[in-house]
file data16.txt (compact mmCIF, C-alpha atoms and all ligand atoms)
# COMPACT_ATOMS: atom_id res chain seq x y z
CA MET M 1 0.00 0.00 0.00
CA LYS M 2 1.23 3.50 -0.81
CA GLN M 3 2.48 5.59 2.10
CA PRO M 4 1.41 9.23 2.41
CA ALA M 5 4.10 11.75 1.45
CA SER M 6 4.12 12.90 5.10
CA SER M 7 6.12 9.79 6.00
CA THR M 8 9.09 11.12 4.04
CA LEU M 9 12.38 12.19 5.72
CA SER M 10 12.61 15.54 7.46
CA GLU M 11 14.68 18.39 6.00
CA LYS M 12 17.08 17.92 8.92
CA ASP M 13 17.63 14.25 7.99
CA LEU M 14 18.18 15.13 4.35
CA LEU M 15 20.64 17.92 5.22
CA LYS M 16 22.54 15.42 7.35
CA ILE M 17 22.97 13.22 4.25
CA LEU M 18 24.06 16.19 2.12
CA GLN M 19 26.57 17.26 4.75
CA SER M 20 28.06 13.77 5.15
CA ARG M 21 31.71 13.37 4.11
CA LYS M 22 30.69 11.61 0.90
CA TYR M 23 28.47 14.42 -0.44
CA ARG M 24 29.50 17.58 1.36
CA GLY M 25 31.71 18.94 -1.44
CA LEU M 26 29.19 18.38 -4.23
CA GLY M 27 26.68 21.14 -3.48
CA LEU M 28 23.75 18.89 -4.47
CA PRO M 29 20.31 20.56 -4.40
CA LEU M 30 18.20 19.75 -1.34
CA SER M 31 15.21 19.45 -3.72
CA THR M 32 16.83 16.43 -5.35
CA LEU M 33 16.94 14.61 -2.03
CA GLN M 34 13.42 15.69 -1.16
CA ASP M 35 12.23 14.31 -4.49
CA ILE M 36 14.03 10.98 -3.98
CA ALA M 37 12.73 10.65 -0.41
CA GLU M 38 9.15 11.42 -1.42
CA LYS M 39 9.25 8.92 -4.27
CA GLU M 40 10.75 6.21 -2.05
CA ALA M 41 8.08 6.87 0.60
CA LEU M 42 5.38 6.64 -2.06
CA ARG M 43 6.84 3.28 -3.13
CA GLY M 44 5.94 2.09 0.33
CA ILE M 45 9.44 1.98 1.87
CA PRO M 46 8.86 1.88 5.64
CA PRO M 47 10.05 5.04 7.50
CA LYS M 48 12.80 3.09 9.30
CA GLU M 49 14.35 2.01 6.00
CA LEU M 50 13.81 5.26 4.19
CA GLU M 51 17.17 6.87 4.96
CA LYS M 52 19.04 3.79 3.72
CA ALA M 53 16.91 3.71 0.55
CA VAL M 54 17.55 7.41 -0.11
CA ARG M 55 21.30 6.96 0.40
CA GLU M 56 21.30 4.05 -2.04
CA LYS M 57 19.43 6.01 -4.71
CA LEU M 58 21.72 8.98 -4.23
CA HIS M 59 24.77 6.76 -4.60
CA GLN M 60 23.44 5.53 -7.97
CA LEU M 61 22.59 9.06 -9.04
CA VAL M 62 25.91 10.67 -8.20
CA ALA M 63 27.84 7.49 -9.10
CA PRO M 64 31.11 8.36 -7.34
CA TYR M 65 32.48 4.98 -8.50
CA LEU M 66 32.67 6.38 -12.07
CA GLY M 67 35.46 8.76 -11.02
CA ASP M 68 36.20 12.44 -10.57
CA PRO M 69 39.09 14.81 -11.17
CA ASP M 70 40.52 16.87 -8.30
CA TYR M 71 38.39 19.93 -9.12
CA ALA M 72 40.49 22.48 -7.20
CA ALA M 73 43.73 21.24 -8.80
CA GLU M 74 42.22 21.19 -12.31
CA SER M 75 40.76 24.64 -11.83
CA ALA M 76 44.23 25.95 -10.90
CA ARG M 77 45.80 24.13 -13.90
CA LEU M 78 43.20 25.60 -16.24
CA SER M 79 43.85 29.11 -14.89
CA SER M 80 47.55 28.74 -15.59
CA LEU M 81 47.02 27.82 -19.28
CA THR M 82 47.24 30.41 -22.03
CA ALA M 83 43.76 30.94 -23.51
CA GLY M 84 44.94 30.69 -27.14
CA ASP M 85 47.14 27.61 -26.64
CA SER M 86 44.80 25.04 -28.19
CA THR M 87 47.29 22.16 -27.85
CA ALA M 88 47.69 22.70 -24.11
CA LEU M 89 43.93 23.13 -23.70
CA ARG M 90 43.26 19.89 -25.58
CA GLU M 91 45.77 18.04 -23.42
CA TRP M 92 44.19 19.46 -20.29
CA CYS M 93 40.71 18.45 -21.53
CA GLN M 94 41.87 14.93 -22.25
CA GLY M 95 43.32 14.66 -18.74
CA VAL M 96 39.99 15.71 -17.23
CA LEU M 97 37.96 13.43 -19.54
CA SER M 98 40.09 10.48 -18.44
CA CYS M 99 39.00 10.93 -14.79
CA HIS M 100 35.42 9.67 -15.33
CA ALA M 101 34.48 6.27 -16.79
CA SER M 102 31.82 7.66 -19.16
CA THR M 103 34.18 10.06 -20.92
CA ARG M 104 37.34 7.94 -20.50
CA GLU M 105 35.79 5.14 -22.58
CA ARG M 106 35.21 7.58 -25.45
CA ILE M 107 38.73 9.00 -25.62
CA PRO M 108 40.13 6.50 -28.17
CA MET M 109 37.41 7.46 -30.67
CA LEU M 110 36.29 10.90 -29.59
CA ALA M 111 36.68 12.56 -33.01
CA GLU M 112 34.91 9.65 -34.78
CA PHE M 113 32.14 9.65 -32.14
CA TYR M 114 31.34 13.33 -32.76
CA GLN M 115 31.84 13.03 -36.52
CA LEU M 116 29.14 10.35 -36.55
CA ILE M 117 26.77 12.44 -34.43
CA PHE M 118 27.17 15.67 -36.35
CA THR M 119 26.90 13.91 -39.72
CA GLN M 120 23.51 12.63 -38.60
CA ILE M 121 22.10 15.79 -37.01
CA GLY M 122 23.62 18.21 -39.51
CA THR M 123 24.42 21.86 -38.91
CA ILE M 124 23.13 23.12 -35.59
CA LYS M 125 23.23 26.38 -33.67
CA SER M 126 22.52 25.14 -30.16
CA ILE M 127 22.87 22.06 -27.95
CA LEU M 128 21.56 21.15 -24.53
CA ASP M 129 23.86 18.60 -22.88
CA VAL M 130 21.65 17.18 -20.13
CA ALA M 131 23.24 15.28 -17.22
CA CYS M 132 26.47 16.37 -18.89
CA GLY M 133 29.06 15.09 -16.42
CA LEU M 134 32.48 15.95 -17.86
CA ASN M 135 31.35 15.67 -21.49
CA PRO M 136 31.58 19.44 -22.28
CA PHE M 137 35.38 19.05 -22.10
CA SER M 138 34.99 17.09 -25.39
CA LEU M 139 34.18 20.36 -27.15
CA PRO M 140 37.60 20.57 -28.88
CA TRP M 141 36.78 17.27 -30.66
CA MET M 142 33.38 18.41 -31.94
CA PRO M 143 33.27 19.78 -35.50
CA ASP M 144 32.85 23.59 -35.33
CA GLY M 145 32.82 23.16 -31.58
CA VAL M 146 32.93 26.81 -30.73
CA SER M 147 30.36 27.98 -33.26
CA PHE M 148 27.22 26.77 -31.50
CA GLN M 149 25.69 27.60 -28.17
CA TYR M 150 26.34 24.83 -25.66
CA ILE M 151 24.17 24.69 -22.55
CA ALA M 152 25.19 22.00 -20.09
CA TYR M 153 23.15 20.79 -17.11
CA ASP M 154 24.32 18.79 -14.14
CA LEU M 155 23.58 18.36 -10.45
CA HIS M 156 27.18 18.30 -9.35
CA LEU M 157 28.32 21.84 -8.49
CA PRO M 158 32.12 21.42 -8.80
CA ARG M 159 31.57 19.99 -12.32
CA VAL M 160 29.30 22.88 -13.27
CA GLN M 161 31.84 25.42 -11.97
CA LEU M 162 34.79 23.85 -13.81
CA ILE M 163 32.79 23.72 -17.06
CA ASN M 164 31.89 27.40 -16.72
CA GLN M 165 35.55 28.26 -16.08
CA PHE M 166 36.47 26.30 -19.22
CA PHE M 167 33.84 28.07 -21.36
CA LYS M 168 35.09 31.42 -20.12
CA LYS M 169 38.73 30.53 -20.75
CA THR M 170 38.08 29.33 -24.30
CA GLY M 171 35.56 32.04 -25.16
CA SER M 172 33.00 29.34 -26.04
CA PRO M 173 29.40 30.52 -26.28
CA GLY M 174 28.22 28.18 -23.57
CA ARG M 175 27.25 27.92 -19.97
CA ALA M 176 26.72 25.23 -17.41
CA ILE M 177 23.74 25.27 -15.10
CA GLN M 178 23.21 23.38 -11.86
CA GLN M 179 19.75 21.90 -12.33
CA ASP M 180 18.02 18.63 -11.56
CA ILE M 181 16.68 17.84 -15.02
CA SER M 182 14.43 15.16 -13.60
CA ILE M 183 12.52 17.70 -11.48
CA HIS M 184 13.01 20.66 -13.83
CA PRO M 185 13.54 19.56 -17.45
CA PRO M 186 15.29 22.30 -19.45
CA GLU M 187 12.83 24.73 -20.99
CA LEU M 188 15.22 26.36 -23.43
CA GLU M 189 14.65 25.66 -27.11
CA ALA M 190 17.61 24.22 -28.99
CA ASP M 191 18.42 22.26 -32.12
CA ALA M 192 19.59 19.15 -30.28
CA ALA M 193 19.94 17.60 -26.86
CA PHE M 194 22.63 15.16 -25.78
CA PHE M 195 21.61 12.66 -23.09
CA PHE M 196 24.62 10.42 -22.78
CA LYS M 197 24.97 7.29 -20.67
CA GLU M 198 22.36 8.31 -18.14
CA ALA M 199 18.91 7.11 -19.28
CA HIS M 200 19.31 3.72 -17.54
CA ARG M 201 20.15 5.49 -14.22
CA PHE M 202 17.31 7.91 -14.80
CA GLU M 203 14.95 4.95 -15.09
CA ALA M 204 16.36 3.47 -11.88
CA ARG M 205 15.51 6.73 -10.08
CA GLN M 206 12.00 6.77 -11.56
CA ARG M 207 10.66 4.37 -14.13
CA GLY M 208 9.31 6.20 -17.19
CA SER M 209 11.30 9.38 -16.47
CA SER M 210 13.26 9.25 -19.75
CA ARG M 211 10.06 9.46 -21.73
CA ILE M 212 8.88 12.45 -19.67
CA LEU M 213 12.21 14.17 -20.28
CA PHE M 214 12.13 13.42 -24.02
CA GLU M 215 8.62 14.86 -24.25
CA ARG M 216 9.59 18.02 -22.41
CA LEU M 217 12.81 18.78 -24.30
CA GLN M 218 12.16 21.47 -26.88
CA VAL M 219 14.59 20.25 -29.52
CA ARG M 220 14.54 18.71 -32.99
CA TRP M 221 17.01 15.94 -32.14
CA ILE M 222 17.64 14.00 -28.97
CA VAL M 223 20.86 12.03 -29.11
CA VAL M 224 20.78 9.36 -26.42
CA THR M 225 23.70 7.06 -25.76
CA LEU M 226 23.77 3.96 -23.61
CA PRO M 227 26.53 1.50 -22.83
CA ALA M 228 26.39 -1.69 -24.90
CA TYR M 229 28.03 -3.58 -22.01
CA ASN M 230 27.93 -3.43 -18.23
CA LEU M 231 30.73 -1.66 -16.30
CA THR M 232 33.00 -4.72 -16.28
CA ALA M 233 32.47 -5.03 -20.07
CA GLN M 234 31.48 -8.66 -19.62
CA HIS M 235 27.72 -8.63 -20.15
CA PRO M 236 26.08 -7.23 -23.27
CA MET M 237 23.17 -4.90 -22.49
CA ARG M 238 22.00 -4.09 -26.01
CA GLU M 239 18.58 -5.70 -25.77
CA ARG M 240 17.77 -3.99 -22.49
CA GLN M 241 18.93 -0.59 -23.79
CA ARG M 242 16.97 -0.94 -27.00
CA ALA M 243 13.87 -1.83 -24.98
CA LEU M 244 14.34 1.27 -22.83
CA ILE M 245 14.42 3.51 -25.90
CA GLU M 246 11.51 1.72 -27.58
CA LYS M 247 9.41 2.17 -24.46
CA SER M 248 10.38 5.82 -24.18
CA VAL M 249 9.23 6.64 -27.72
CA SER M 250 6.33 4.21 -28.18
CA GLY M 251 3.16 5.80 -29.55
CA THR M 252 4.98 8.96 -30.66
CA PRO M 253 5.60 9.95 -34.29
CA TRP M 254 9.34 10.31 -33.52
CA ILE M 255 11.82 8.54 -35.77
CA VAL M 256 14.65 6.58 -34.17
CA GLU M 257 17.86 5.36 -35.78
CA ASP M 258 20.73 3.78 -33.95
CA ARG M 259 24.45 3.19 -34.38
CA GLU M 260 27.19 1.82 -32.18
CA ILE M 261 30.74 2.94 -31.75
CA CYS M 262 33.27 1.44 -29.37
CA GLY M 263 30.75 -0.12 -27.00
CA GLU M 264 28.46 2.94 -26.91
CA MET M 265 25.03 2.68 -28.50
CA ILE M 266 23.84 5.96 -30.04
CA PHE M 267 20.11 6.51 -30.58
CA PHE M 268 19.13 9.44 -32.78
CA ILE M 269 15.59 10.48 -31.93
CA ARG M 270 14.15 12.92 -34.43
CA LYS M 271 11.26 14.69 -32.77
CA ASN M 272 10.32 16.90 -35.69
CA GLY M 273 11.49 18.85 -38.72
C1 LIG M 301 27.14 8.75 -15.90
S1 LIG M 301 27.44 10.45 -15.85
C2 LIG M 301 27.30 10.73 -17.58
C3 LIG M 301 28.01 11.97 -17.98
C4 LIG M 301 27.92 12.36 -19.44
N1 LIG M 301 26.56 12.47 -19.91
C5 LIG M 301 28.73 11.44 -20.31
O1 LIG M 301 28.22 10.49 -20.88
O2 LIG M 301 29.92 11.66 -20.38
C6 LIG M 301 25.97 11.13 -15.22
C7 LIG M 301 25.98 12.61 -14.89
O3 LIG M 301 24.63 13.01 -14.79
C8 LIG M 301 24.45 13.83 -13.67
N2 LIG M 301 23.04 13.71 -13.27
C9 LIG M 301 22.41 12.60 -12.84
N3 LIG M 301 21.11 12.85 -12.63
C10 LIG M 301 20.91 14.15 -12.93
C11 LIG M 301 19.78 15.01 -12.89
N4 LIG M 301 18.61 14.55 -12.50
N5 LIG M 301 19.93 16.29 -13.27
C12 LIG M 301 21.13 16.75 -13.67
N6 LIG M 301 22.25 16.00 -13.71
C13 LIG M 301 22.14 14.70 -13.35
C14 LIG M 301 25.45 13.31 -12.65
O4 LIG M 301 25.78 14.30 -11.70
C15 LIG M 301 26.62 12.95 -13.57
O5 LIG M 301 27.50 14.02 -13.75

call {"tool": "encode", "arguments": {"input": "data16.txt", "output": "C-alpha cells", "more": "lines below"}}
Ligand SMILES: C[S@@+](CC[C@H](N)C(=O)[O-])C[C@H]1O[C@@H](n2cnc3c(N)ncnc32)[C@H](O)[C@@H]1O
result
Amino acid sequence: MKQPASSTLSEKDLLKILQSRKYRGLGLPLSTLQDIAEKEALRGIPPKELEKAVREKLHQLVAPYLGDPDYAAESARLSSLTAGDSTALREWCQGVLSCHASTRERIPMLAEFYQLIFTQIGTIKSILDVACGLNPFSLPWMPDGVSFQYIAYDLHLPRVQLINQFFKKTGSPGRAIQQDISIHPPELEADAAFFFKEAHRFEARQRGSSRILFERLQVRWIVVTLPAYNLTAQHPMRERQRALIEKSVSGTPWIVEDREICGEMIFFIRKNG
C-alpha cells in the first residue's frame, strides 16, 4: 500500500545526508533529495528504512564509483594555461575526460564519435547537454565546436563550476547550469539535446522518467547514448537498452535510428522537422 508523502524524511535528515563526508563537497540541491525521499516513501518503503533507501538512490545518481578529477587542482591548472594555446587546452581536456568512466571510454574514438553524431544531425546552432558530467570538455573534438551555443546541465556543483571556467577561458558561447533535469527539465529551445549514458540510471531513479524528459525537451534531435556492455564489459546490455528507448518513444511519431561505436550505442531520436 502507498504511504502518504508525510512519511518522508525531514529536512534535517536530508541535510545530514548532504553534509556527510561523501556528499558535502558536491553542493547537491536539497530538492533532489526531497524528491528521492518522497518517491521512495510513495513506493511504500517503511520510514525506518527510508534513509538507507535514499542513500542508495543517491549513490546511484551521483555514481562516485565512475570517477572524478581533483576539481580544485584542475581549476588551478586551467587558470595557468594560455587561452589561445589550443594544444595545451586539448591536453588538459583529455586529462579531465580520463577521470570519469563515461568520458574515458570515449577518448580512443572521440573525433569519430562526434563526426558520426554531427553527420547525422547536420548543422546546428545550439545544444543542450543534459546530465552532462564531464562531457563538455569534449568540445575541442566536436566539429565547429565553438560555433554553437552549448548549454550543459548537471547536479554536481564542482563539475558545473569547472565547465563554466572552461567556457570562459576558451571564449565558447556556452554555460553550465546546476539543475536537476528530472525535477526541472530544461525549458530552453535548442536544435539538439545530448543525453549520454544516463537514461538507464534515470529509469532506476524513476521508471518512465526518460520518456517524460524526451517529451519536455524542446529540440529537434535527442541524441541518447547507452553503454552496450555493463561496467565490467562482460555482459552485453543491447537488448535492455533498445527496450528502454523503444518504451520511451512508443506511440509517438518520432523517428529513431541507432548506431554503435566502441561499445556505446547511439540513438538518434528525431522529434520533428
Ligand atoms: C554517468 S554520468 C554521464 C556523464 C555524461 N553524460 C557522459 O556520458 O559523459 C551522469 C551525470 O549526470 C548527472 N546527473 C544525474 N542525474 C541528474 C539530474 N537529474 N539532473 C542533472 N544531472 C544529473 C550526474 O551528476 C553525472 O555528472

call {"tool": "residues_around", "arguments": {"input": "data16.txt", "residues": "range 16-28 of chain M", "least_positions_apart": "2", "cutoff": "7 Å", "atoms": "all atoms listed in the file", "output": "PyMOL selection string"}}
result
chain M and resi 12-14+30+155-158

call {"tool": "residues_near_ligand", "arguments": {"input": "data16.txt", "ligand": "ligand LIG 301 (chain M)", "cutoff": "7 Å", "atoms": "only C-alpha atoms and all ligand atoms", "output": "PyMOL selection string"}}
result
chain M and resi 61-63+102-103+130-135+153-156+179-183+195-198+202

call {"tool": "atom_distance", "arguments": {"input": "data16.txt", "atom1": "CA of Leu89 in chain M", "atom2": "CA of Pro69 in chain M"}}
result
15.8 Å

call {"tool": "residues_around", "arguments": {"input": "data16.txt", "residues": "Gln241 in chain M", "least_positions_apart": "3", "cutoff": "9 Å", "atoms": "only C-alpha atoms", "output": "PyMOL selection string"}}
result
chain M and resi 199-200+226-228+237-238+244-246+265

call {"tool": "residues_around", "arguments": {"input": "data16.txt", "residues": "Val249 in chain M", "least_positions_apart": "5", "cutoff": "12 Å", "atoms": "only C-alpha atoms", "output": "MDAnalysis selection string"}}
result
chainID M and resid 208:215 222 224 242:244 254:257 267:271

call {"tool": "atom_distance", "arguments": {"input": "data16.txt", "atom1": "CA of Leu139 in chain M", "atom2": "CA of Leu116 in chain M"}}
result
14.6 Å

call {"tool": "build_atoms", "arguments": {"input": "data16.txt", "residues": "range 77-95 of chain M", "atoms": "N, CA and C atoms", "output": "PDB file, in the coordinates of the input"}}
result
ATOM      1  N   ARG M  77      45.080  24.450 -12.658  1.00  0.00           N
ATOM      2  CA  ARG M  77      45.800  24.130 -13.900  1.00  0.00           C
ATOM      3  C   ARG M  77      45.196  24.898 -15.074  1.00  0.00           C
ATOM      4  N   LEU M  78      43.879  24.907 -15.126  1.00  0.00           N
ATOM      5  CA  LEU M  78      43.200  25.600 -16.240  1.00  0.00           C
ATOM      6  C   LEU M  78      43.514  27.098 -16.205  1.00  0.00           C
ATOM      7  N   SER M  79      43.533  27.671 -15.010  1.00  0.00           N
ATOM      8  CA  SER M  79      43.850  29.110 -14.890  1.00  0.00           C
ATOM      9  C   SER M  79      45.240  29.408 -15.408  1.00  0.00           C
ATOM     10  N   SER M  80      46.158  28.468 -15.223  1.00  0.00           N
ATOM     11  CA  SER M  80      47.550  28.740 -15.590  1.00  0.00           C
ATOM     12  C   SER M  80      47.791  28.573 -17.101  1.00  0.00           C
ATOM     13  N   LEU M  81      46.818  28.017 -17.840  1.00  0.00           N
ATOM     14  CA  LEU M  81      47.020  27.820 -19.280  1.00  0.00           C
ATOM     15  C   LEU M  81      46.791  29.122 -20.043  1.00  0.00           C
ATOM     16  N   THR M  82      47.453  29.233 -21.191  1.00  0.00           N
ATOM     17  CA  THR M  82      47.240  30.410 -22.030  1.00  0.00           C
ATOM     18  C   THR M  82      45.977  30.173 -22.861  1.00  0.00           C
ATOM     19  N   ALA M  83      45.071  31.134 -22.867  1.00  0.00           N
ATOM     20  CA  ALA M  83      43.760  30.940 -23.510  1.00  0.00           C
ATOM     21  C   ALA M  83      43.877  30.495 -24.974  1.00  0.00           C
ATOM     22  N   GLY M  84      44.852  31.028 -25.714  1.00  0.00           N
ATOM     23  CA  GLY M  84      44.940  30.690 -27.140  1.00  0.00           C
ATOM     24  C   GLY M  84      45.750  29.429 -27.432  1.00  0.00           C
ATOM     25  N   ASP M  85      46.301  28.788 -26.408  1.00  0.00           N
ATOM     26  CA  ASP M  85      47.140  27.610 -26.640  1.00  0.00           C
ATOM     27  C   ASP M  85      46.259  26.363 -26.767  1.00  0.00           C
ATOM     28  N   SER M  86      45.798  26.115 -28.005  1.00  0.00           N
ATOM     29  CA  SER M  86      44.800  25.040 -28.190  1.00  0.00           C
ATOM     30  C   SER M  86      45.390  23.667 -27.899  1.00  0.00           C
ATOM     31  N   THR M  87      46.690  23.475 -28.129  1.00  0.00           N
ATOM     32  CA  THR M  87      47.290  22.160 -27.850  1.00  0.00           C
ATOM     33  C   THR M  87      47.262  21.887 -26.354  1.00  0.00           C
ATOM     34  N   ALA M  88      47.669  22.889 -25.568  1.00  0.00           N
ATOM     35  CA  ALA M  88      47.690  22.700 -24.110  1.00  0.00           C
ATOM     36  C   ALA M  88      46.261  22.511 -23.584  1.00  0.00           C
ATOM     37  N   LEU M  89      45.326  23.252 -24.156  1.00  0.00           N
ATOM     38  CA  LEU M  89      43.930  23.130 -23.700  1.00  0.00           C
ATOM     39  C   LEU M  89      43.368  21.739 -24.012  1.00  0.00           C
ATOM     40  N   ARG M  90      43.705  21.240 -25.199  1.00  0.00           N
ATOM     41  CA  ARG M  90      43.260  19.890 -25.580  1.00  0.00           C
ATOM     42  C   ARG M  90      43.842  18.852 -24.634  1.00  0.00           C
ATOM     43  N   GLU M  91      45.130  19.007 -24.339  1.00  0.00           N
ATOM     44  CA  GLU M  91      45.770  18.040 -23.420  1.00  0.00           C
ATOM     45  C   GLU M  91      45.119  18.087 -22.050  1.00  0.00           C
ATOM     46  N   TRP M  92      44.842  19.315 -21.605  1.00  0.00           N
ATOM     47  CA  TRP M  92      44.190  19.460 -20.290  1.00  0.00           C
ATOM     48  C   TRP M  92      42.802  18.802 -20.333  1.00  0.00           C
ATOM     49  N   CYS M  93      42.051  19.047 -21.400  1.00  0.00           N
ATOM     50  CA  CYS M  93      40.710  18.450 -21.530  1.00  0.00           C
ATOM     51  C   CYS M  93      40.807  16.934 -21.485  1.00  0.00           C
ATOM     52  N   GLN M  94      41.757  16.390 -22.217  1.00  0.00           N
ATOM     53  CA  GLN M  94      41.870  14.930 -22.250  1.00  0.00           C
ATOM     54  C   GLN M  94      42.170  14.358 -20.865  1.00  0.00           C
ATOM     55  N   GLY M  95      43.014  15.089 -20.120  1.00  0.00           N
ATOM     56  CA  GLY M  95      43.320  14.660 -18.740  1.00  0.00           C
ATOM     57  C   GLY M  95      42.056  14.625 -17.891  1.00  0.00           C
TER      58      GLY M  95
END
